[in-house]
file work.cif (mmCIF, C-alpha atoms)
data_model
#
loop_
_atom_site.label_atom_id
_atom_site.label_comp_id
_atom_site.auth_asym_id
_atom_site.auth_seq_id
_atom_site.Cartn_x
_atom_site.Cartn_y
_atom_site.Cartn_z
CA MET A 1 7.91 33.88 -6.03
CA PRO A 2 4.10 33.57 -5.74
CA GLN A 3 2.81 30.63 -3.72
CA PRO A 4 0.34 28.26 -5.39
CA LYS A 5 -3.27 28.45 -4.36
CA LEU A 6 -4.07 25.77 -1.81
CA ARG A 7 -7.37 24.12 -1.05
CA THR A 8 -8.52 24.37 2.56
CA THR A 9 -9.56 21.15 4.26
CA GLN A 10 -12.47 21.87 6.55
CA GLN A 11 -12.30 20.60 10.10
CA GLN A 12 -14.35 17.42 10.39
CA THR A 13 -17.21 17.58 12.90
CA HIS A 14 -18.55 14.08 12.26
CA THR A 15 -16.99 10.66 11.79
CA PRO A 16 -16.63 10.05 8.07
CA ILE A 17 -15.21 6.93 6.56
CA VAL A 18 -11.57 7.37 5.60
CA HIS A 19 -10.86 5.94 2.17
CA THR A 20 -8.08 5.98 -0.37
CA GLN A 21 -9.30 7.39 -3.68
CA LEU A 22 -7.35 7.27 -6.91
CA TYR A 23 -8.07 9.57 -9.82
CA LEU A 24 -7.98 9.41 -13.59
CA ASN A 25 -5.73 11.83 -15.48
CA ASN A 26 -8.54 14.37 -15.72
CA HIS A 27 -8.92 14.23 -11.90
CA ARG A 28 -12.54 13.14 -11.94
CA PRO A 29 -13.12 10.74 -9.04
CA LEU A 30 -13.75 7.12 -9.89
CA PRO A 31 -16.82 5.25 -8.56
CA LYS A 32 -16.66 4.78 -4.80
CA HIS A 33 -17.21 1.04 -4.66
CA GLY A 34 -15.14 -0.42 -7.47
CA SER A 35 -12.94 -3.50 -7.50
CA ILE A 36 -9.43 -3.36 -6.08
CA LEU A 37 -8.04 -5.27 -9.02
CA ASN A 38 -7.53 -2.87 -11.90
CA LEU A 39 -5.93 0.53 -11.42
CA ASN A 40 -7.14 1.89 -14.73
CA ASN A 41 -10.84 1.13 -14.35
CA HIS A 42 -11.66 0.96 -10.66
CA ILE A 43 -11.22 2.87 -7.45
CA LYS A 44 -9.03 1.22 -4.84
CA THR A 45 -10.17 1.69 -1.28
CA MET A 46 -9.41 0.75 2.30
CA PHE A 47 -12.16 1.72 4.69
CA MET A 48 -11.71 2.74 8.33
CA PRO A 49 -13.65 5.27 10.44
CA ARG A 50 -11.75 8.53 10.74
CA GLN A 51 -11.71 8.42 14.55
CA ILE A 52 -9.93 5.05 14.54
CA VAL A 53 -7.27 6.31 12.10
CA GLU A 54 -6.92 9.45 14.20
CA GLN A 55 -6.34 7.39 17.36
CA LYS A 56 -3.69 5.27 15.64
CA LEU A 57 -1.89 8.43 14.54
CA LEU A 58 -2.13 10.06 17.97
CA ASN A 59 -0.64 6.90 19.50
CA PHE A 60 2.36 7.27 17.18
CA LEU A 61 2.71 10.90 18.24
CA THR A 62 2.42 10.01 21.92
CA ASP A 63 5.32 7.60 21.57
CA ASP A 64 7.44 10.37 20.07
CA ILE A 65 6.55 13.14 22.53
CA GLY A 66 7.39 11.38 25.78
CA GLN A 67 6.80 13.96 28.51
CA GLY A 68 6.86 16.86 26.06
CA ASP A 69 9.03 18.61 23.49
CA THR A 70 11.77 20.13 25.64
CA THR A 71 13.30 22.10 22.77
CA ALA A 72 10.05 23.65 21.54
CA THR A 73 8.84 24.63 25.01
CA THR A 74 12.24 26.12 25.87
CA LEU A 75 12.59 28.25 22.74
CA ILE A 76 9.12 28.96 21.32
CA PRO A 77 6.46 31.17 22.96
CA PRO A 78 3.31 29.10 23.66
CA ASN A 79 0.92 31.39 21.75
CA LEU A 80 3.08 32.02 18.68
CA ILE A 81 1.18 31.26 15.45
CA ALA A 82 3.15 29.98 12.46
CA THR A 83 2.63 28.60 8.95
CA ALA A 84 4.62 25.69 7.53
CA HIS A 85 4.84 23.97 4.17
CA VAL A 86 5.31 20.23 3.71
CA ILE A 87 7.43 19.97 0.57
CA ALA A 88 8.47 17.10 -1.70
CA LYS A 89 12.23 16.95 -2.19
CA GLU A 90 12.04 14.40 -5.01
CA ASN A 91 9.58 13.05 -7.57
CA GLY A 92 7.27 10.21 -6.63
CA THR A 93 3.75 8.97 -5.91
CA LEU A 94 2.03 10.71 -3.01
CA ALA A 95 0.53 8.57 -0.24
CA GLY A 96 -0.29 9.38 3.37
CA LEU A 97 -1.55 12.92 2.76
CA GLU A 98 -4.94 11.94 4.15
CA GLU A 99 -3.27 10.67 7.33
CA ALA A 100 -1.07 13.75 7.60
CA THR A 101 -4.16 15.94 7.35
CA ILE A 102 -6.08 13.92 9.94
CA LEU A 103 -3.19 14.10 12.40
CA ALA A 104 -2.72 17.84 11.92
CA GLU A 105 -6.41 18.58 12.29
CA ALA A 106 -6.59 16.43 15.44
CA LEU A 107 -4.14 18.94 16.94
CA ASN A 108 -6.24 21.92 15.81
CA LEU A 109 -3.90 22.90 13.00
CA LYS A 110 -5.52 24.35 9.87
CA THR A 111 -4.60 22.49 6.69
CA GLN A 112 -4.58 23.52 3.04
CA THR A 113 -3.61 21.46 0.01
CA GLN A 114 -4.06 21.16 -3.74
CA THR A 115 -2.68 17.63 -3.94
CA HIS A 116 -4.22 14.21 -3.29
CA ASP A 117 -3.06 10.69 -2.55
CA GLY A 118 -2.18 8.83 -5.73
CA GLN A 119 -0.96 11.96 -7.50
CA GLN A 120 2.44 12.01 -9.17
CA ILE A 121 4.36 14.74 -7.36
CA HIS A 122 7.57 16.52 -8.29
CA LYS A 123 10.58 17.96 -6.51
CA ASN A 124 9.90 21.22 -4.61
CA GLN A 125 6.12 20.79 -4.87
CA ILE A 126 4.16 21.99 -1.83
CA LEU A 127 2.05 19.09 -0.61
CA LEU A 128 0.40 20.54 2.48
CA GLN A 129 0.24 23.84 4.35
CA LEU A 130 -0.17 23.89 8.14
CA THR A 131 -1.17 26.90 10.21
CA GLY A 132 -1.48 27.04 13.99
CA HIS A 133 0.53 27.12 17.19
CA ALA A 134 4.22 26.93 16.32
CA GLN A 135 4.96 24.54 19.20
CA THR A 136 2.33 22.13 17.89
CA ILE A 137 3.75 22.23 14.36
CA LEU A 138 7.21 21.40 15.71
CA VAL A 139 5.85 18.61 17.92
CA VAL A 140 3.99 16.89 15.08
CA GLU A 141 6.65 17.44 12.42
CA ARG A 142 8.62 14.21 12.65
CA THR A 143 5.67 11.84 13.16
CA LEU A 144 3.82 13.41 10.24
CA LEU A 145 6.86 13.31 7.94
CA ASN A 146 7.86 9.77 8.93
CA LEU A 147 4.50 8.33 7.93
CA LEU A 148 4.07 10.51 4.84
CA SER A 149 7.59 9.68 3.59
CA ARG A 150 7.20 5.96 4.26
CA MET A 151 3.79 5.65 2.63
CA SER A 152 4.89 7.72 -0.37
CA GLY A 153 8.02 5.58 -0.71
CA ILE A 154 5.92 2.40 -0.77
CA ALA A 155 3.44 3.90 -3.24
CA THR A 156 6.24 5.16 -5.48
CA GLN A 157 7.96 1.78 -5.70
CA THR A 158 4.65 0.00 -6.27
CA HIS A 159 3.64 2.47 -8.97
CA THR A 160 6.99 2.08 -10.72
CA LEU A 161 6.66 -1.71 -10.85
CA THR A 162 3.01 -1.71 -11.91
CA GLN A 163 3.84 0.74 -14.69
CA GLN A 164 6.61 -1.57 -15.90
CA ILE A 165 4.09 -4.40 -16.12
CA GLN A 166 1.42 -2.32 -17.85
CA THR A 167 3.88 -0.83 -20.34
CA ASN A 168 5.91 -3.89 -21.20
CA ASN A 169 3.72 -6.92 -20.51
CA PRO A 170 3.43 -8.75 -23.84
CA ASN A 171 0.26 -10.50 -22.66
CA ASN A 172 -1.86 -7.37 -22.70
CA ASN A 173 -5.04 -9.40 -22.37
CA GLN A 174 -3.88 -10.81 -19.04
CA THR A 175 -4.09 -8.87 -15.80
CA ILE A 176 -0.97 -9.35 -13.69
CA ARG A 177 -1.11 -7.97 -10.18
CA ILE A 178 1.82 -6.67 -8.18
CA ALA A 179 1.03 -7.73 -4.61
CA ALA A 180 2.45 -6.96 -1.20
CA THR A 181 3.07 -9.55 1.53
CA ARG A 182 2.57 -9.58 5.30
CA LYS A 183 6.16 -8.38 5.77
CA THR A 184 5.05 -5.03 7.14
CA ALA A 185 6.36 -3.08 10.12
CA PRO A 186 4.47 -3.91 13.36
CA GLY A 187 1.76 -1.32 13.92
CA LEU A 188 1.93 -0.05 10.35
CA LEU A 189 0.04 -2.80 8.53
CA TYR A 190 -2.94 -0.62 7.62
CA PHE A 191 -0.77 2.25 6.40
CA ASP A 192 1.71 0.04 4.51
CA LYS A 193 -1.03 -1.88 2.73
CA LYS A 194 -2.96 1.28 1.94
CA ALA A 195 0.18 2.76 0.36
CA VAL A 196 0.50 -0.33 -1.85
CA LEU A 197 -3.08 0.18 -3.01
CA ILE A 198 -2.43 3.85 -3.73
CA GLY A 199 0.57 2.84 -5.84
CA GLY A 200 -1.62 0.52 -7.92
CA GLY A 201 -0.75 -2.79 -6.25
CA ASP A 202 -2.77 -5.46 -4.48
CA PRO A 203 -2.57 -5.74 -0.66
CA HIS A 204 -2.70 -9.56 -0.61
CA ARG A 205 -3.70 -10.82 2.87
CA LEU A 206 -4.26 -8.18 5.51
CA HIS A 207 -4.67 -10.63 8.41
CA LEU A 208 -4.32 -14.34 9.10
CA ASP A 209 -8.09 -14.81 9.01
CA ASP A 210 -8.44 -13.52 5.43
CA MET A 211 -7.84 -16.88 3.77
CA VAL A 212 -6.08 -20.22 4.10
CA LEU A 213 -2.46 -19.91 2.98
CA ILE A 214 -0.58 -23.18 3.40
CA LYS A 215 3.18 -22.68 3.56
CA ASP A 216 6.16 -24.97 4.01
CA ASN A 217 5.95 -25.04 7.81
CA HIS A 218 2.28 -25.97 7.66
CA LEU A 219 3.13 -28.83 5.32
CA ALA A 220 5.95 -29.95 7.62
CA LEU A 221 3.39 -30.37 10.42
CA SER A 222 0.31 -31.37 8.44
CA GLY A 223 1.49 -33.87 5.80
CA SER A 224 1.62 -34.04 2.02
CA VAL A 225 0.19 -31.50 -0.40
CA GLU A 226 -2.74 -33.81 -1.13
CA GLU A 227 -3.50 -34.58 2.52
CA THR A 228 -3.23 -30.97 3.61
CA LEU A 229 -5.45 -29.64 0.84
CA LYS A 230 -8.08 -32.29 1.55
CA LYS A 231 -8.09 -31.32 5.24
CA ALA A 232 -8.30 -27.62 4.39
CA LYS A 233 -11.17 -28.06 1.93
CA THR A 234 -13.08 -30.22 4.40
CA THR A 235 -12.84 -27.82 7.33
CA THR A 236 -12.63 -24.35 5.75
CA SER A 237 -15.65 -22.10 5.18
CA PHE A 238 -16.83 -21.72 1.59
CA SER A 239 -16.12 -17.99 1.98
CA LYS A 240 -12.34 -18.49 2.25
CA LYS A 241 -10.00 -19.09 -0.65
CA ILE A 242 -7.27 -21.70 -0.25
CA GLU A 243 -3.73 -21.00 -1.40
CA ILE A 244 -0.78 -23.34 -1.10
CA GLU A 245 2.94 -22.76 -1.49
CA VAL A 246 4.91 -25.27 -3.57
CA THR A 247 8.56 -25.63 -4.48
CA THR A 248 8.32 -28.06 -7.43
CA SER A 249 6.27 -28.39 -10.61
CA GLN A 250 5.10 -31.82 -9.44
CA ASP A 251 3.64 -30.37 -6.26
CA ALA A 252 2.04 -27.57 -8.26
CA LEU A 253 0.21 -30.16 -10.35
CA LYS A 254 -0.86 -32.03 -7.20
CA ALA A 255 -2.13 -28.75 -5.71
CA ALA A 256 -4.18 -27.98 -8.82
CA GLU A 257 -5.62 -31.49 -8.84
CA GLY A 258 -6.42 -31.11 -5.14
CA GLY A 259 -8.56 -28.04 -5.79
CA ALA A 260 -6.37 -25.17 -4.62
CA ASP A 261 -7.69 -21.75 -5.61
CA ILE A 262 -4.23 -20.21 -5.77
CA ILE A 263 -0.81 -21.84 -6.10
CA MET A 264 2.24 -19.95 -4.92
CA LEU A 265 5.39 -20.88 -6.84
CA ASP A 266 8.01 -20.19 -4.19
CA ASN A 267 11.50 -19.19 -5.38
CA PHE A 268 10.87 -20.44 -8.93
CA SER A 269 13.04 -18.92 -11.63
CA PRO A 270 11.13 -17.22 -14.47
CA LYS A 271 11.87 -20.23 -16.68
CA GLN A 272 10.64 -22.72 -14.05
CA ALA A 273 7.51 -20.63 -13.43
CA LYS A 274 6.70 -20.53 -17.15
CA GLU A 275 7.23 -24.27 -17.59
CA THR A 276 5.05 -25.00 -14.56
CA ALA A 277 2.31 -22.71 -15.85
CA GLN A 278 2.39 -24.47 -19.22
CA THR A 279 2.19 -27.88 -17.53
CA LEU A 280 -0.86 -26.82 -15.52
CA ARG A 281 -2.64 -25.20 -18.47
CA GLN A 282 -2.00 -28.22 -20.68
CA ALA A 283 -3.47 -30.43 -17.96
CA GLY A 284 -6.66 -28.37 -18.09
CA HIS A 285 -6.11 -26.31 -14.92
CA THR A 286 -6.94 -22.96 -16.48
CA LYS A 287 -8.84 -21.38 -13.59
CA VAL A 288 -6.32 -21.78 -10.78
CA LEU A 289 -4.41 -18.57 -10.07
CA LEU A 290 -0.62 -18.73 -10.10
CA GLU A 291 1.47 -16.54 -7.84
CA VAL A 292 5.25 -16.18 -7.89
CA SER A 293 7.17 -15.11 -4.82
CA GLY A 294 10.81 -14.94 -3.79
CA GLY A 295 13.84 -13.52 -5.56
CA ILE A 296 11.85 -11.04 -7.62
CA THR A 297 13.58 -7.75 -8.42
CA PRO A 298 12.92 -4.80 -10.77
CA GLN A 299 15.56 -6.34 -13.05
CA ASN A 300 13.78 -9.70 -13.54
CA LEU A 301 10.19 -8.49 -13.04
CA LEU A 302 9.28 -8.57 -16.72
CA GLU A 303 10.65 -12.11 -17.09
CA TYR A 304 8.15 -13.23 -14.46
CA ALA A 305 5.39 -11.18 -16.10
CA ASN A 306 6.02 -13.20 -19.28
CA ALA A 307 5.71 -16.52 -17.45
CA ASP A 308 1.90 -16.84 -17.78
CA ILE A 309 1.28 -16.15 -14.09
CA ASN A 310 -1.34 -13.97 -12.39
CA ILE A 311 0.25 -12.50 -9.27
CA ILE A 312 3.76 -11.29 -8.48
CA SER A 313 4.19 -10.79 -4.74
CA ILE A 314 7.14 -8.74 -3.53
CA GLY A 315 7.98 -8.47 0.17
CA GLY A 316 10.40 -5.65 -0.53
CA LEU A 317 7.51 -3.26 -1.18
CA THR A 318 7.01 -3.00 2.58
CA HIS A 319 9.96 -4.64 4.35
CA SER A 320 12.70 -2.65 2.60
CA VAL A 321 11.07 0.72 2.15
CA LYS A 322 13.00 3.62 0.64
CA ALA A 323 11.22 6.62 2.08
CA LEU A 324 10.44 9.48 -0.27
CA ASP A 325 12.34 12.62 0.73
CA ILE A 326 9.78 15.07 2.15
CA SER A 327 10.47 17.99 4.48
CA LEU A 328 8.62 20.58 6.56
CA GLU A 329 9.66 24.23 6.48
CA ILE A 330 8.35 27.10 8.59
CA ILE A 331 7.60 29.98 6.18
CA LYS A 332 6.22 32.68 8.49
CA THR A 333 5.16 33.51 12.03
#

call {"tool": "encode", "arguments": {"input": "work.cif", "output": "structure tokens"}}
result
Amino acid sequence: MPQPKLRTTQQQTHTPIVHTQLYLNNHRPLPKHGSILNLNNHIKTMFMPRQIVEQKLLNFLTDDIGQGDTTATTLIPPNLIATAHVIAKENGTLAGLEEATILAEALNLKTQTQTHDGQQIHKNQILLQLTGHAQTILVVERTLLNLLSRMSGIATQTHTLTQQIQTNNPNNNQTIRIAATRKTAPGLLYFDKKAVLIGGGDPHRLHLDDMVLIKDNHLALSGSVEETLKKAKTTTSFSKKIEIEVTTSQDALKAAEGGADIIMLDNFSPKQAKETAQTLRQAGHTKVLLEVSGGITPQNLLEYANADINIISIGGLTHSVKALDISLEIIKT
């Protein structure tokens, strides 16, 4: 069976900016500095210098290696050259290929591919070809696959949910964003959030300093919704948005009146969320963004999408990841 032609990735000799780039169906790249809000019309990017990403990846590999791969050094001659294919074992949305390539090239492996992050991949598709010292391929195998499978799993789930919204949302004139949360694995925040972006979702906050997000424990220590919002608006920079979590329609109205930019409806049913949205809109609060969070599943997603809200945040995108099945197979030596 003839192997597909693969594109060689040249070894980087400078320090480019690593960015996630999504493509239209005709594979023409989108503009490099678009918004991160609309999958259909804009590129979605996360920027980090290649050397920093490379160091993060090498740290992961260092944790796995310990004092060296005992099995590989026992069985494999040190100068044996081999070629391996990284292969999808199921359909999904590819994410993490850029990281897999960076890690492989950092170890002086040659890489070839005809795929890209954001592409819909199918079972038995070759995603990446590696050529170099066989011991090195075996050493990097699990770290490379772990990250590629995890990121692709996150992107696949995010893509599935965003497609449900785009296909079935009755309010076609309203943009509803599927957003992640900060429930990421320690050390993997950048990669988890990037995978959400690749899948067509919104990363939400990346770090605590991104915005003011007032939750129940803040309110327990700070006071009422009104008092807390007043304090936040008085002391927070104009450059930061203010979001507040509420558990009742009454508090949602108080939050809107207090000038919140975003109101998070925590653990509201679809019916409660819709009634609260109607109450706020009827009161003239048409600019405040409404976010729903808690208890959202693929089964009730469309009910929330029909509740006149703007953001649906789902912790399960990153805290309960189902990795995409991807393997590495040596094909010749």

call {"tool": "atom_distance", "arguments": {"input": "work.cif", "atom1": "atom CA of A:Val288", "atom2": "atom CA of A:Thr276"}}
result
12.4 Å

call {"tool": "atom_distance", "arguments": {"input": "work.cif", "atom1": "atom CA of A:Asp202", "atom2": "atom CA of A:Thr181"}}
result
9.3 Å

call {"tool": "closest_residue", "arguments": {"input": "work.cif", "among": "A:Ala277, A:Val225, A:Met48, A:Ile314", "to": "A:Glu257", "atoms": "all atoms listed in the file"}}
result
A:Val225

call {"tool": "resolve_selection", "arguments": {"input": "work.cif", "expression": "the PyMOL selection byres ((chain A and resi 209) around 12)", "output": "PyMOL selection string"}}
result
chain A and resi 205-208+210-213+236-237+239-242

call {"tool": "resolve_selection", "arguments": {"input": "work.cif", "expression": "the PyMOL selection byres ((chain A and resi 265) around 7)", "output": "MDAnalysis selection string"}}
result
chainID A and resid 245:247 263:264 266:268 273 291:293
